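One file, final_18.cif, is given below (mmCIF, C-alpha atoms).
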```
data_run
loop_
_atom_site.label_atom_id
_atom_site.label_comp_id
_atom_site.auth_asym_id
_atom_site.auth_seq_id
_atom_site.Cartn_x
_atom_site.Cartn_y
_atom_site.Cartn_z
CA MET A 1 -12.49 21.02 28.85
CA ALA A 2 -14.01 17.59 28.17
CA ALA A 3 -12.18 17.44 24.86
CA VAL A 4 -8.86 18.20 26.57
CA LEU A 5 -9.52 15.46 29.12
CA ASP A 6 -10.42 13.04 26.33
CA THR A 7 -7.23 13.87 24.47
CA ARG A 8 -5.18 13.40 27.61
CA ARG A 9 -6.90 10.10 28.37
CA SER A 10 -6.27 8.92 24.81
CA ARG A 11 -2.59 9.79 25.16
CA TYR A 12 -2.30 7.83 28.39
CA LEU A 13 -4.11 4.92 26.76
CA LEU A 14 -1.80 5.09 23.75
CA VAL A 15 1.32 5.09 25.92
CA GLY A 16 -0.02 2.21 27.99
CA LEU A 17 -0.92 0.13 24.95
CA VAL A 18 2.42 0.87 23.26
CA VAL A 19 4.26 -0.34 26.34
CA VAL A 20 2.08 -3.46 26.56
CA HIS A 21 2.76 -4.28 22.92
CA LEU A 22 6.49 -3.69 23.20
CA VAL A 23 6.64 -5.98 26.22
CA ALA A 24 4.49 -8.64 24.49
CA ILE A 25 6.62 -8.60 21.34
CA SER A 26 9.91 -8.58 23.28
CA HIS A 27 8.71 -11.48 25.39
CA GLN A 28 8.00 -13.55 22.28
CA VAL A 29 11.28 -12.61 20.61
CA ASP A 30 13.25 -13.56 23.71
CA GLY A 31 11.29 -16.65 24.63
CA GLY A 32 10.51 -17.81 21.09
CA GLY A 33 6.95 -18.66 22.06
CA GLY A 34 3.75 -17.02 20.81
CA ALA A 35 0.87 -15.67 22.86
CA SER A 36 -0.59 -19.14 22.69
CA LEU A 37 -3.68 -18.67 24.86
CA LEU A 38 -4.87 -15.63 22.92
CA GLN A 39 -3.87 -17.29 19.70
CA ARG A 40 -5.76 -20.47 20.52
CA GLY A 41 -8.82 -18.49 21.60
CA VAL A 42 -9.01 -16.32 18.49
CA PHE A 43 -8.23 -19.30 16.27
CA ALA A 44 -10.92 -21.38 17.94
CA VAL A 45 -13.57 -18.68 17.54
CA LEU A 46 -12.77 -17.43 14.06
CA SER A 47 -11.35 -20.42 12.19
CA PRO A 48 -14.79 -22.04 11.62
CA LEU A 49 -15.81 -18.81 9.88
CA GLN A 50 -12.69 -19.01 7.74
CA ASN A 51 -13.48 -22.62 6.88
CA ALA A 52 -17.01 -21.57 5.92
CA VAL A 53 -15.70 -18.76 3.73
CA SER A 54 -13.28 -21.17 2.11
CA ALA A 55 -16.13 -23.55 1.33
CA VAL A 56 -18.28 -20.74 -0.08
CA VAL A 57 -15.39 -19.30 -2.09
CA GLY A 58 -14.55 -22.78 -3.36
CA GLY A 59 -18.16 -23.22 -4.45
CA ILE A 60 -18.36 -19.79 -6.07
CA SER A 61 -15.03 -20.11 -7.84
CA GLY A 62 -16.07 -23.57 -9.03
CA ALA A 63 -19.34 -22.17 -10.33
CA TRP A 64 -17.54 -19.17 -11.85
CA ASN A 65 -14.99 -21.43 -13.58
CA GLY A 66 -17.85 -23.56 -14.78
CA TYR A 67 -19.55 -20.44 -16.12
CA LEU A 68 -16.39 -19.27 -17.86
CA ASP A 69 -15.85 -22.70 -19.36
CA LEU A 70 -19.44 -22.80 -20.49
CA ARG A 71 -19.14 -19.36 -22.07
CA GLY A 72 -15.96 -20.38 -23.86
CA THR A 73 -17.63 -23.50 -25.12
CA HIS A 74 -20.66 -21.52 -26.20
CA GLU A 75 -18.61 -19.02 -28.15
CA ALA A 76 -16.56 -21.73 -29.81
CA ASN A 77 -19.50 -23.96 -30.64
CA GLN A 78 -22.34 -21.57 -31.24
CA ARG A 79 -23.57 -23.54 -34.23
CA LEU A 80 -23.74 -26.81 -32.35
CA HIS A 81 -26.85 -28.30 -30.88
CA GLU A 82 -27.98 -27.57 -27.25
CA ARG A 83 -27.30 -31.15 -26.33
CA VAL A 84 -23.68 -30.96 -27.44
CA ARG A 85 -23.16 -27.94 -25.22
CA TYR A 86 -24.74 -29.75 -22.34
CA LEU A 87 -22.46 -32.74 -22.91
CA GLU A 88 -19.39 -30.55 -23.21
CA THR A 89 -20.16 -28.96 -19.89
CA HIS A 90 -20.48 -32.38 -18.38
CA LEU A 91 -17.24 -33.42 -19.99
CA GLN A 92 -15.51 -30.46 -18.41
CA GLN A 93 -16.99 -31.29 -15.05
CA ARG A 94 -15.78 -34.86 -15.48
CA ALA A 95 -12.32 -33.62 -16.43
CA HIS A 96 -12.29 -31.44 -13.34
CA LEU A 97 -13.32 -34.40 -11.21
CA ALA A 98 -10.69 -36.56 -12.87
CA ARG A 99 -8.00 -33.97 -12.17
CA GLU A 100 -9.15 -33.76 -8.58
CA ALA A 101 -9.13 -37.56 -8.31
CA GLU A 102 -5.64 -37.65 -9.79
CA ARG A 103 -4.45 -35.07 -7.29
CA LEU A 104 -5.97 -37.02 -4.41
CA ARG A 105 -4.52 -40.27 -5.79
CA ASP A 106 -1.07 -38.66 -5.79
CA LEU A 107 -1.64 -37.58 -2.23
CA LEU A 108 -2.88 -41.04 -1.25
CA GLY A 109 0.08 -42.62 -3.04
CA LEU A 110 2.48 -40.47 -1.09
CA ARG A 111 0.60 -41.26 2.08
CA GLU A 112 1.01 -45.01 1.47
CA ILE A 113 4.70 -44.73 0.62
CA LEU A 114 5.64 -42.61 3.62
CA PRO A 115 6.54 -44.44 6.83
CA LEU A 116 4.67 -41.74 8.72
CA GLU A 117 1.31 -41.14 10.32
CA THR A 118 -0.29 -38.42 8.22
CA THR A 119 -3.52 -36.45 8.03
CA VAL A 120 -4.90 -34.97 4.81
CA ALA A 121 -5.89 -31.30 5.12
CA GLU A 122 -7.23 -28.67 2.76
CA VAL A 123 -5.76 -25.22 2.37
CA VAL A 124 -8.28 -22.66 3.60
CA THR A 125 -6.41 -19.45 2.91
CA ARG A 126 -2.90 -18.07 2.40
CA ASP A 127 -0.70 -14.99 2.65
CA GLY A 128 -2.77 -12.41 4.49
CA LEU A 129 0.30 -10.32 5.21
CA PRO A 130 2.92 -9.60 2.56
CA TRP A 131 5.85 -10.09 4.92
CA TYR A 132 5.17 -13.73 5.65
CA ARG A 133 4.50 -16.87 3.65
CA THR A 134 1.87 -18.86 5.51
CA ILE A 135 -1.19 -20.94 4.74
CA THR A 136 -4.09 -21.93 6.96
CA ILE A 137 -5.36 -25.52 6.80
CA ASN A 138 -8.71 -26.92 7.89
CA LYS A 139 -7.35 -29.45 10.42
CA GLY A 140 -6.25 -28.67 13.95
CA ALA A 141 -5.54 -30.09 17.39
CA ARG A 142 -8.79 -32.10 17.40
CA ASP A 143 -7.56 -33.92 14.28
CA GLY A 144 -4.31 -34.92 15.94
CA ILE A 145 -2.17 -32.16 14.49
CA SER A 146 0.54 -30.74 16.71
CA LEU A 147 2.85 -27.75 16.68
CA GLU A 148 5.98 -28.10 14.54
CA ALA A 149 4.36 -30.89 12.53
CA PRO A 150 5.88 -31.13 9.04
CA VAL A 151 3.50 -30.42 6.14
CA LEU A 152 4.02 -32.13 2.78
CA SER A 153 2.56 -32.16 -0.70
CA PRO A 154 2.93 -34.89 -3.34
CA THR A 155 5.67 -32.84 -5.00
CA GLY A 156 7.69 -31.88 -1.95
CA VAL A 157 8.00 -30.37 1.51
CA VAL A 158 5.61 -27.45 2.12
CA GLY A 159 6.47 -26.25 5.64
CA ARG A 160 5.66 -26.74 9.31
CA VAL A 161 2.78 -25.96 11.67
CA ILE A 162 3.46 -22.80 13.71
CA ALA A 163 0.06 -22.13 15.29
CA ILE A 164 -2.82 -24.38 16.06
CA GLY A 165 -6.50 -24.15 16.90
CA PRO A 166 -9.07 -26.91 17.46
CA HIS A 167 -10.10 -27.08 13.78
CA ALA A 168 -7.43 -25.10 11.97
CA ALA A 169 -3.69 -24.65 11.89
CA LYS A 170 -1.30 -22.09 10.47
CA VAL A 171 1.57 -23.44 8.39
CA GLN A 172 4.80 -21.54 7.79
CA LEU A 173 5.93 -22.25 4.23
CA LEU A 174 9.55 -23.04 3.44
CA GLN A 175 9.55 -19.78 1.44
CA ASP A 176 9.14 -17.71 4.60
CA ARG A 177 12.27 -15.84 5.65
CA ASP A 178 11.98 -17.23 9.17
CA SER A 179 11.68 -20.85 8.04
CA GLY A 180 14.48 -23.38 7.96
CA ALA A 181 15.01 -27.05 7.19
CA GLY A 182 18.08 -29.24 7.45
CA VAL A 183 18.84 -30.67 4.00
CA LEU A 184 21.28 -32.85 2.06
CA VAL A 185 22.31 -32.85 -1.56
CA GLU A 186 21.24 -36.38 -2.44
CA ARG A 187 24.13 -37.12 -4.83
CA SER A 188 27.08 -35.87 -2.78
CA ARG A 189 25.50 -35.90 0.73
CA VAL A 190 26.57 -32.29 1.29
CA ALA A 191 24.56 -30.87 4.20
CA GLY A 192 23.07 -27.41 4.62
CA VAL A 193 20.00 -25.48 5.69
CA VAL A 194 17.33 -24.12 3.33
CA SER A 195 15.09 -21.15 4.09
CA GLY A 196 13.21 -18.38 2.33
CA GLN A 197 15.21 -15.64 0.70
CA VAL A 198 16.26 -12.35 2.18
CA GLY A 199 14.74 -9.86 -0.20
CA PHE A 200 11.59 -8.45 -1.66
CA SER A 201 8.46 -10.46 -1.21
CA ASP A 202 7.19 -9.87 -4.72
CA SER A 203 10.23 -10.61 -6.85
CA ALA A 204 12.82 -13.35 -7.11
CA SER A 205 11.78 -14.82 -3.79
CA ARG A 206 10.33 -18.10 -5.02
CA ASP A 207 13.64 -19.94 -4.75
CA LEU A 208 14.98 -21.17 -1.44
CA VAL A 209 18.47 -20.35 -0.21
CA MET A 210 20.72 -23.21 0.83
CA LYS A 211 23.06 -21.91 3.51
CA TYR A 212 26.25 -23.05 5.20
CA VAL A 213 27.66 -24.98 2.24
CA PRO A 214 31.48 -24.60 2.09
CA HIS A 215 33.24 -23.53 -1.11
CA LEU A 216 34.85 -26.95 -1.62
CA ALA A 217 31.56 -28.85 -1.34
CA ASP A 218 30.43 -30.82 -4.38
CA VAL A 219 27.16 -29.18 -5.49
CA VAL A 220 26.11 -28.67 -9.10
CA VAL A 221 23.02 -27.25 -10.79
CA GLY A 222 20.28 -29.88 -11.03
CA ASP A 223 21.24 -31.74 -7.85
CA LEU A 224 18.28 -33.05 -5.89
CA VAL A 225 17.94 -31.61 -2.38
CA VAL A 226 16.24 -33.70 0.30
CA THR A 227 15.63 -33.25 4.02
CA SER A 228 18.40 -34.51 6.28
CA GLY A 229 16.29 -35.13 9.37
CA GLN A 230 18.87 -33.37 11.54
CA ASP A 231 16.59 -30.45 12.39
CA GLN A 232 14.27 -32.79 14.35
CA VAL A 233 11.28 -31.34 12.49
CA TYR A 234 11.28 -32.80 8.98
CA PRO A 235 11.71 -36.57 8.54
CA LYS A 236 14.76 -37.62 6.53
CA GLY A 237 14.63 -38.11 2.76
CA LEU A 238 11.72 -35.89 1.71
CA VAL A 239 12.19 -33.96 -1.54
CA VAL A 240 12.71 -30.21 -1.09
CA GLY A 241 13.76 -29.19 -4.60
CA ARG A 242 16.58 -28.99 -7.13
CA VAL A 243 19.65 -26.77 -7.15
CA ARG A 244 19.04 -23.97 -9.65
CA PHE A 245 22.09 -21.78 -9.10
CA VAL A 246 25.51 -22.24 -7.53
CA GLY A 247 27.55 -19.07 -6.99
CA LYS A 248 30.70 -18.06 -5.15
CA GLY A 249 28.92 -16.26 -2.35
CA SER A 250 30.70 -14.14 0.21
CA GLY A 251 32.81 -15.33 3.12
CA LEU A 252 33.15 -19.00 3.88
CA PHE A 253 30.06 -20.31 2.16
CA ARG A 254 28.69 -20.72 -1.35
CA GLU A 255 25.56 -19.02 -2.60
CA ILE A 256 23.13 -21.75 -3.61
CA LEU A 257 19.55 -21.30 -4.77
CA VAL A 258 17.14 -24.22 -4.70
CA GLU A 259 14.00 -24.32 -6.81
CA PRO A 260 11.35 -25.81 -4.50
CA SER A 261 9.47 -28.86 -5.71
CA ALA A 262 6.27 -27.88 -3.91
CA ARG A 263 4.11 -25.40 -5.81
CA PHE A 264 3.32 -23.17 -2.87
CA ASP A 265 0.82 -20.90 -4.62
CA GLU A 266 -1.14 -23.77 -6.14
CA VAL A 267 -1.19 -26.40 -3.40
CA GLU A 268 -4.77 -27.17 -2.34
CA GLU A 269 -4.41 -30.34 -0.26
CA VAL A 270 -1.52 -31.22 2.01
CA LEU A 271 -0.41 -34.06 4.25
CA VAL A 272 0.36 -33.18 7.84
CA VAL A 273 2.71 -35.59 9.57
CA SER A 274 1.42 -36.59 12.99
CA LEU A 275 4.29 -38.64 14.37
CA PRO A 276 6.94 -40.71 12.64
CA ARG A 277 6.21 -44.42 13.09
CA GLU A 278 9.77 -45.04 14.28
CA ARG A 279 9.31 -42.44 16.99
CA LEU A 280 6.04 -44.10 18.04
CA ASP A 281 7.79 -47.47 18.18
CA LEU A 282 10.64 -45.95 20.16
CA ASP A 283 8.18 -44.49 22.63
CA ARG A 284 6.56 -47.89 23.06
CA ALA A 285 9.94 -49.57 23.54
CA VAL A 286 10.93 -47.04 26.18
CA ARG A 287 7.67 -47.58 28.04
CA MET B 1 -23.01 -0.57 19.97
CA LYS B 2 -20.06 0.99 18.15
CA ALA B 3 -17.79 -1.71 19.58
CA LEU B 4 -20.14 -4.37 18.20
CA TRP B 5 -20.06 -2.83 14.71
CA THR B 6 -16.29 -2.55 14.91
CA GLY B 7 -16.04 -6.21 15.91
CA LEU B 8 -18.29 -7.22 13.03
CA ALA B 9 -16.22 -5.12 10.63
CA ILE B 10 -13.05 -6.89 11.81
CA VAL B 11 -14.67 -10.30 11.33
CA LEU B 12 -15.79 -9.20 7.86
CA ALA B 13 -12.24 -8.06 7.10
CA LEU B 14 -10.98 -11.51 8.14
CA LEU B 15 -13.49 -13.20 5.86
CA VAL B 16 -12.62 -10.92 2.94
CA GLU B 17 -8.90 -11.55 3.45
CA SER B 18 -9.48 -15.32 3.75
CA GLY B 19 -11.58 -15.42 0.58
CA LEU B 20 -9.05 -13.30 -1.27
CA GLY B 21 -6.19 -15.49 -0.05
CA ARG B 22 -7.97 -18.55 -1.36
CA MET B 23 -8.81 -17.06 -4.75
CA VAL B 24 -5.99 -14.61 -5.49
CA PRO B 25 -3.02 -15.04 -3.11
CA ALA B 26 -1.18 -12.11 -4.74
CA GLY B 27 -4.21 -9.88 -4.11
CA ALA B 28 -4.32 -10.84 -0.44
CA ARG B 29 -0.70 -9.72 -0.09
CA VAL B 30 -1.59 -6.27 -1.43
CA PHE B 31 -5.07 -5.48 -0.11
CA ASP B 32 -5.44 -4.86 3.63
CA PRO B 33 -9.09 -4.73 4.78
CA PHE B 34 -7.97 -4.57 8.44
CA LEU B 35 -6.32 -1.24 7.75
CA LEU B 36 -9.52 0.05 6.15
CA VAL B 37 -11.44 -0.82 9.33
CA THR B 38 -8.81 0.96 11.42
CA VAL B 39 -8.85 4.12 9.30
CA TYR B 40 -12.64 4.26 9.07
CA CYS B 41 -12.99 3.93 12.85
CA ALA B 42 -10.33 6.60 13.40
CA LEU B 43 -11.96 9.01 10.95
CA SER B 44 -15.44 8.52 12.34
CA GLY B 45 -14.69 8.04 16.04
CA GLY B 46 -11.43 9.84 16.82
CA GLU B 47 -8.09 8.67 18.13
CA ALA B 48 -9.30 6.46 21.01
CA ARG B 49 -11.64 4.43 18.84
CA GLY B 50 -9.13 4.39 16.02
CA MET B 51 -6.33 2.97 18.11
CA LEU B 52 -8.51 0.38 19.86
CA ALA B 53 -10.03 -0.77 16.57
CA GLY B 54 -6.57 -0.84 15.01
CA MET B 55 -5.18 -2.86 17.87
CA ALA B 56 -8.00 -5.42 17.72
CA ALA B 57 -7.83 -5.67 13.92
CA GLY B 58 -4.06 -6.03 14.06
CA TRP B 59 -4.19 -8.85 16.60
CA VAL B 60 -6.72 -10.79 14.52
CA GLN B 61 -4.53 -10.24 11.45
CA ASP B 62 -1.39 -11.30 13.32
CA ILE B 63 -2.98 -14.44 14.71
CA HIS B 64 -4.44 -15.58 11.41
CA PHE B 65 -1.85 -14.47 8.91
CA GLY B 66 1.28 -13.45 10.83
CA GLY B 67 4.48 -15.31 11.64
CA PRO B 68 5.65 -16.81 14.93
CA VAL B 69 6.07 -13.41 16.65
CA LEU B 70 2.66 -11.84 17.20
CA GLY B 71 1.72 -8.22 17.82
CA LEU B 72 3.61 -6.42 15.06
CA SER B 73 0.51 -5.61 12.99
CA ALA B 74 -1.41 -4.81 16.18
CA PHE B 75 1.28 -2.33 17.20
CA THR B 76 1.48 -0.59 13.83
CA LYS B 77 -2.29 -0.39 13.44
CA LEU B 78 -2.58 0.97 16.99
CA LEU B 79 -0.24 3.81 15.99
CA VAL B 80 -1.93 4.36 12.62
CA GLY B 81 -5.37 4.44 14.27
CA TYR B 82 -4.17 7.01 16.78
CA ALA B 83 -2.42 9.16 14.18
CA VAL B 84 -5.38 9.18 11.80
CA GLY B 85 -7.76 9.95 14.68
CA VAL B 86 -5.63 12.91 15.82
CA GLY B 87 -5.24 14.08 12.23
CA SER B 88 -8.97 13.94 11.58
CA GLY B 89 -9.47 16.23 14.59
CA HIS B 90 -7.17 18.84 13.11
CA PHE B 91 -8.03 18.59 9.42
CA LEU B 92 -11.31 18.37 7.61
CA VAL B 93 -11.22 14.96 5.95
CA VAL B 94 -14.31 14.99 3.77
CA GLY B 95 -14.94 13.45 0.38
CA PRO B 96 -13.40 10.51 -1.43
CA ALA B 97 -10.22 12.34 -2.52
CA ALA B 98 -9.25 13.44 0.99
CA ARG B 99 -10.02 10.00 2.37
CA ALA B 100 -8.05 8.31 -0.38
CA LEU B 101 -5.08 10.51 0.54
CA VAL B 102 -5.43 9.57 4.21
CA LEU B 103 -5.62 5.87 3.28
CA LEU B 104 -2.59 6.21 1.04
CA LEU B 105 -0.55 7.79 3.82
CA ALA B 106 -1.90 5.35 6.41
CA THR B 107 -0.90 2.35 4.26
CA LEU B 108 2.58 3.77 3.73
CA ALA B 109 2.94 4.48 7.45
CA ASP B 110 1.63 1.05 8.43
CA THR B 111 3.91 -0.78 5.99
CA LEU B 112 7.05 1.18 6.83
CA ALA B 113 6.35 0.98 10.57
CA PHE B 114 5.93 -2.79 10.28
CA GLN B 115 9.23 -3.22 8.49
CA TRP B 116 10.98 -0.90 10.92
CA LEU B 117 9.52 -2.72 13.92
CA ALA B 118 10.48 -6.12 12.48
CA ALA B 119 14.03 -4.84 12.01
CA VAL B 120 14.18 -3.44 15.56
CA PHE B 121 13.02 -6.71 17.08
CA ASP B 122 15.11 -8.76 14.66
CA VAL B 123 12.07 -10.60 13.32
CA PRO B 124 12.94 -12.02 9.88
CA VAL B 125 10.33 -10.87 7.36
CA LEU B 126 10.33 -10.43 3.61
CA ASP B 127 10.85 -6.82 2.50
CA LEU B 128 8.40 -5.05 0.23
CA SER B 129 9.74 -3.57 -3.00
CA PRO B 130 8.87 0.08 -3.77
CA LEU B 131 6.53 -1.20 -6.50
CA ALA B 132 4.70 -3.51 -4.07
CA LEU B 133 4.49 -0.68 -1.54
CA ALA B 134 3.05 1.71 -4.14
CA SER B 135 0.50 -0.81 -5.41
CA ARG B 136 -0.52 -1.68 -1.84
CA ALA B 137 -1.03 1.98 -0.96
CA THR B 138 -2.88 2.78 -4.18
CA LEU B 139 -5.19 -0.22 -4.00
CA ASN B 140 -6.07 0.41 -0.36
CA ALA B 141 -6.65 4.11 -1.07
CA VAL B 142 -8.92 3.57 -4.07
CA ALA B 143 -10.85 0.61 -2.66
CA GLY B 144 -11.10 2.17 0.80
CA ALA B 145 -12.32 5.57 -0.41
CA GLY B 146 -15.00 3.87 -2.49
CA LEU B 147 -16.09 1.62 0.35
CA PHE B 148 -16.19 4.50 2.87
CA GLU B 149 -18.35 6.50 0.47
CA LEU B 150 -20.78 3.63 0.02
CA LEU B 151 -20.89 3.02 3.76
CA ASP B 152 -21.53 6.70 4.55
CA ARG B 153 -24.36 6.89 2.01
CA ARG B 154 -25.90 3.77 3.47
CA ILE B 155 -25.67 5.16 7.02
CA ALA B 156 -27.09 8.54 5.94
CA ARG B 157 -29.98 6.79 4.18
CA SER B 158 -30.80 4.68 7.24
CA PHE B 159 -30.81 7.83 9.40
CA ALA B 160 -33.07 9.64 6.92
CA GLU B 161 -35.53 6.76 7.00
#
```

Whole structure given in structure tokens:
Amino acid sequence: MAAVLDTRRSRYLLVGLVVVHLVAISHQVDGGGGASLLQRGVFAVLSPLQNAVSAVVGGISGAWNGYLDLRGTHEANQRLHERVRYLETHLQQRAHLAREAERLRDLLGLREILPLETTVAEVVTRDGLPWYRTITINKGARDGISLEAPVLSPTGVVGRVIAIGPHAAKVQLLQDRDSGAGVLVERSRVAGVVSGQVGFSDSASRDLVMKYVPHLADVVVGDLVVTSGQDQVYPKGLVVGRVRFVGKGSGLFREILVEPSARFDEVEEVLVVSLPRERLDLDRAVR
Amino acid sequence: MKALWTGLAIVLALLVESGLGRMVPAGARVFDPFLLVTVYCALSGGEARGMLAGMAAGWVQDIHFGGPVLGLSAFTKLLVGYAVGVGSGHFLVVGPAARALVLLLATLADTLAFQWLAAVFDVPVLDLSPLALASRATLNAVAGAGLFELLDRRIARSFAE
């Protein structure tokens, strides 16, 4: 009897929870907004743990890479003296540091060139669900980062902030199917919108699709694609990628694939744009 | 007490997924520790515990790794947790092979339900190729069955002591 009651109670609970979820999802789809309070709460509580794991994983992978390098060196130079091995290890560590410094210099260089207020952030994790292309960064609202903030790397546009916690933020990559950025072909000033591809997540989805380009538009393979600034999210003139394929497409528009400049799977540090300086100046002028 | 362990398991799943995402992004797209938590809770605690654990795990997964529309993973894991819980009441799911089969089916159900739900609500998501689906299901089944076995042995040993 108790088992029957339990089963019945579970069924009622299931129906109730299904209805709640359907309403919650529909509400977001209609309104376009996320369950921000819950999101903020969970992000606030759990993102420090994620940051800690990232730090530990970074340390372990660094140590592991060091170990692998050391083993490789050992195998290659077995006959050499202990001191040489020691120095080689140090050399590798130096090389690693130099590469890191170079990467940071690139980032700093970009930061100085850009007429924007930016914050440097580290990538904590990425792609926990195969249907989306997102990364989590270790800077959040407390660091001055806001929703919809554009995220850049030294090589190109990475994406935009779609969720935010006090010390972490979730970034939707340009590769995501739900992403979008207003762009221009730099040479011919042909405008369009790039987003992730419709298709399988594990094959041929690295390129971006440039949409709404008419058949008569002047676009050729190799053209540089930059942001147009018309979407009110990405500042104008940032590099998105190069045209890799121009096809006939169906209907009114051409099929254009853009090879992104940003290396989404390898990016470790990013710049998050706080507010364009012009917009800050405009705000001041209005006040 | 069970709720506490379930909560800890979900936090652990988040940490595993975060670490994996940092080290091997492709691996994080395939392996789903949140689903393992859901299935284990459903197998050991029945449909009510399974669906509640699945719902909580899904929400954490949605918030940390999902897109702008939240709740899709929570919804699918709620259903998977319930289904596995009901199934475990009707069938004897004992041993690594049976559990691996349950995990395989649960992963397939979770993945297909997610894609179906995204299509119904017109949420743009990337599709999974049959190869990706198969590797996701196989990896979760093998890793999950092994982990469940280890966990059960550990629990049995602590009871014996």

**OP:** Quote the spacing between atom CA of Pro25 of chain B and atom CA of Glu266 of chain A in Å to one decimal place.
**Re:** 9.4 Å

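In plain terms, chain B touches chain A through Ser18, Gly21, Arg22, Ala28, Arg29, Ala48, Ile63, Phe65, Val69, Pro124, Val125, Leu126, Asp127, Leu128 and Ser129 of chain B, where touching means an atom at most 6 Å away, counting all atoms listed in the file.
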
Would you save the residues from that selection as a CSV table (one decimal), keeping the file's coordinate frame, using C-alpha atoms?
```csv
chain,number,residue,atom,x,y,z
B,18,SER,CA,-9.5,-15.3,3.8
B,21,GLY,CA,-6.2,-15.5,0.0
B,22,ARG,CA,-8.0,-18.6,-1.4
B,28,ALA,CA,-4.3,-10.8,-0.4
B,29,ARG,CA,-0.7,-9.7,-0.1
B,48,ALA,CA,-9.3,6.5,21.0
B,63,ILE,CA,-3.0,-14.4,14.7
B,65,PHE,CA,-1.8,-14.5,8.9
B,69,VAL,CA,6.1,-13.4,16.6
B,124,PRO,CA,12.9,-12.0,9.9
B,125,VAL,CA,10.3,-10.9,7.4
B,126,LEU,CA,10.3,-10.4,3.6
B,127,ASP,CA,10.8,-6.8,2.5
B,128,LEU,CA,8.4,-5.0,0.2
B,129,SER,CA,9.7,-3.6,-3.0
```

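Separating atom CA of Ser73 of chain B from atom CA of Gly58 of chain B is a distance of 4.7 Å.
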
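The spacing separating atom CA of Val272 of chain A from atom CA of Pro150 of chain A amounts to 6.0 Å.
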
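What the PyMOL selection byres ((chain A and resi 231) around 12) matches in the given file is Glu148, Pro150, Arg160, Ser179, Gly180, Ala181, Gly182, Val183, Leu184, Ala191, Gly192, Val193, Val194, Thr227, Ser228, Gly229, Gln230, Gln232, Val233, Tyr234, Pro235 and Lys236 of chain A.
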
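Counting all atoms listed in the file, the residue from A:Ala95, A:Ala44, A:Ala63, A:Val225 that sits nearest to Arg142 of chain A is A:Ala44.
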
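Residues surrounding Val39 of chain B within 7 Å are Gly50, Gly81 and Val84 of chain B [all atoms listed in the file; sequence separation below 5 positions excluded].
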
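Counting only C-alpha atoms, Leu238 of chain A has the following residues at most 8 Å away, ignoring those fewer than 5 positions along the same chain: A:Gly156, A:Val157, A:Val226, A:Thr227.
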
Just to be explicit: take each residue in the selection above, keep C-alpha atoms, and write the result as a compact mmCIF listing (two decimals), keeping the file's coordinate frame.
```txt
# COMPACT_ATOMS: atom_id res chain seq x y z
CA GLY A 156 7.69 -31.88 -1.95
CA VAL A 157 8.00 -30.37 1.51
CA VAL A 226 16.24 -33.70 0.30
CA THR A 227 15.63 -33.25 4.02
```

Original post:
Residues at most 8 Å from Leu103 of chain B, counting only C-alpha atoms, excluding those fewer than 5 positions away in the same chain, as an MDAnalysis selection string?
Top reply: chainID B and resid 36 39 137 140:141 144:145

File of the preceding selection, C-alpha atoms, as a tab-separated table (two decimals), in the coordinates of the input:
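Below you can see out-v5.tsv, which holds the result:
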```tsv
chain	number	residue	atom	x	y	z
B	36	LEU	CA	-9.52	0.05	6.15
B	39	VAL	CA	-8.85	4.12	9.30
B	137	ALA	CA	-1.03	1.98	-0.96
B	140	ASN	CA	-6.07	0.41	-0.36
B	141	ALA	CA	-6.65	4.11	-1.07
B	144	GLY	CA	-11.10	2.17	0.80
B	145	ALA	CA	-12.32	5.57	-0.41
```

Just want the 12 Å neighbourhood of Ala98 of chain B, counted on all atoms listed in the file, with same-chain residues fewer than 6 positions away dropped. Output as a tab-separated table (two decimals) with C-alpha atoms, in the frame of the given file.
```tsv
chain	number	residue	atom	x	y	z
B	43	LEU	CA	-11.96	9.01	10.95
B	87	GLY	CA	-5.24	14.08	12.23
B	88	SER	CA	-8.97	13.94	11.58
B	91	PHE	CA	-8.03	18.59	9.42
B	92	LEU	CA	-11.31	18.37	7.61
B	104	LEU	CA	-2.59	6.21	1.04
B	105	LEU	CA	-0.55	7.79	3.82
B	141	ALA	CA	-6.65	4.11	-1.07
B	142	VAL	CA	-8.92	3.57	-4.07
B	144	GLY	CA	-11.10	2.17	0.80
B	145	ALA	CA	-12.32	5.57	-0.41
B	146	GLY	CA	-15.00	3.87	-2.49
B	148	PHE	CA	-16.19	4.50	2.87
B	149	GLU	CA	-18.35	6.50	0.47
```

Listed atoms of segment 103-116 of chain B, axis-aligned box, 8 Å per side: centre and edge lengths to one decimal in Å, as JSON?
```
{"center_x": 2.7, "center_y": 2.3, "center_z": 6.0, "size_x": 32.6, "size_y": 27.0, "size_z": 25.9}
```

**OP:** Go through the shown structure with the PyMOL selection byres ((chain B and resi 59) around 10) and write out the matching residues as a PyMOL selection string.
**Re:** (chain A and resi 38-39+42) or (chain B and resi 34+53-58+60-66+70-75+77-78)

Subject >> Lys248 of chain A environment, 12 Å, only C-alpha atoms, sequence neighbours closer than 2 positions dropped, as a PyMOL selection string >> reply: chain A and resi 213-217+219+245-246+250-257

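Residues matching the PyMOL selection byres ((chain A and resi 243) around 10) in this structure come to Val185, Asp207, Leu208, Val209, Met210, Val219, Val220, Val221, Gly222, Asp223, Leu224, Val225, Val240, Gly241, Arg242, Arg244, Phe245, Val246, Ile256, Leu257, Val258, Glu259 and Pro260 of chain A.
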
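Taking all atoms listed in the file into account, Ala9 of chain B lies nearest to B:Leu151 out of the set B:Ala160, B:Leu151, B:Leu101, B:Leu108.
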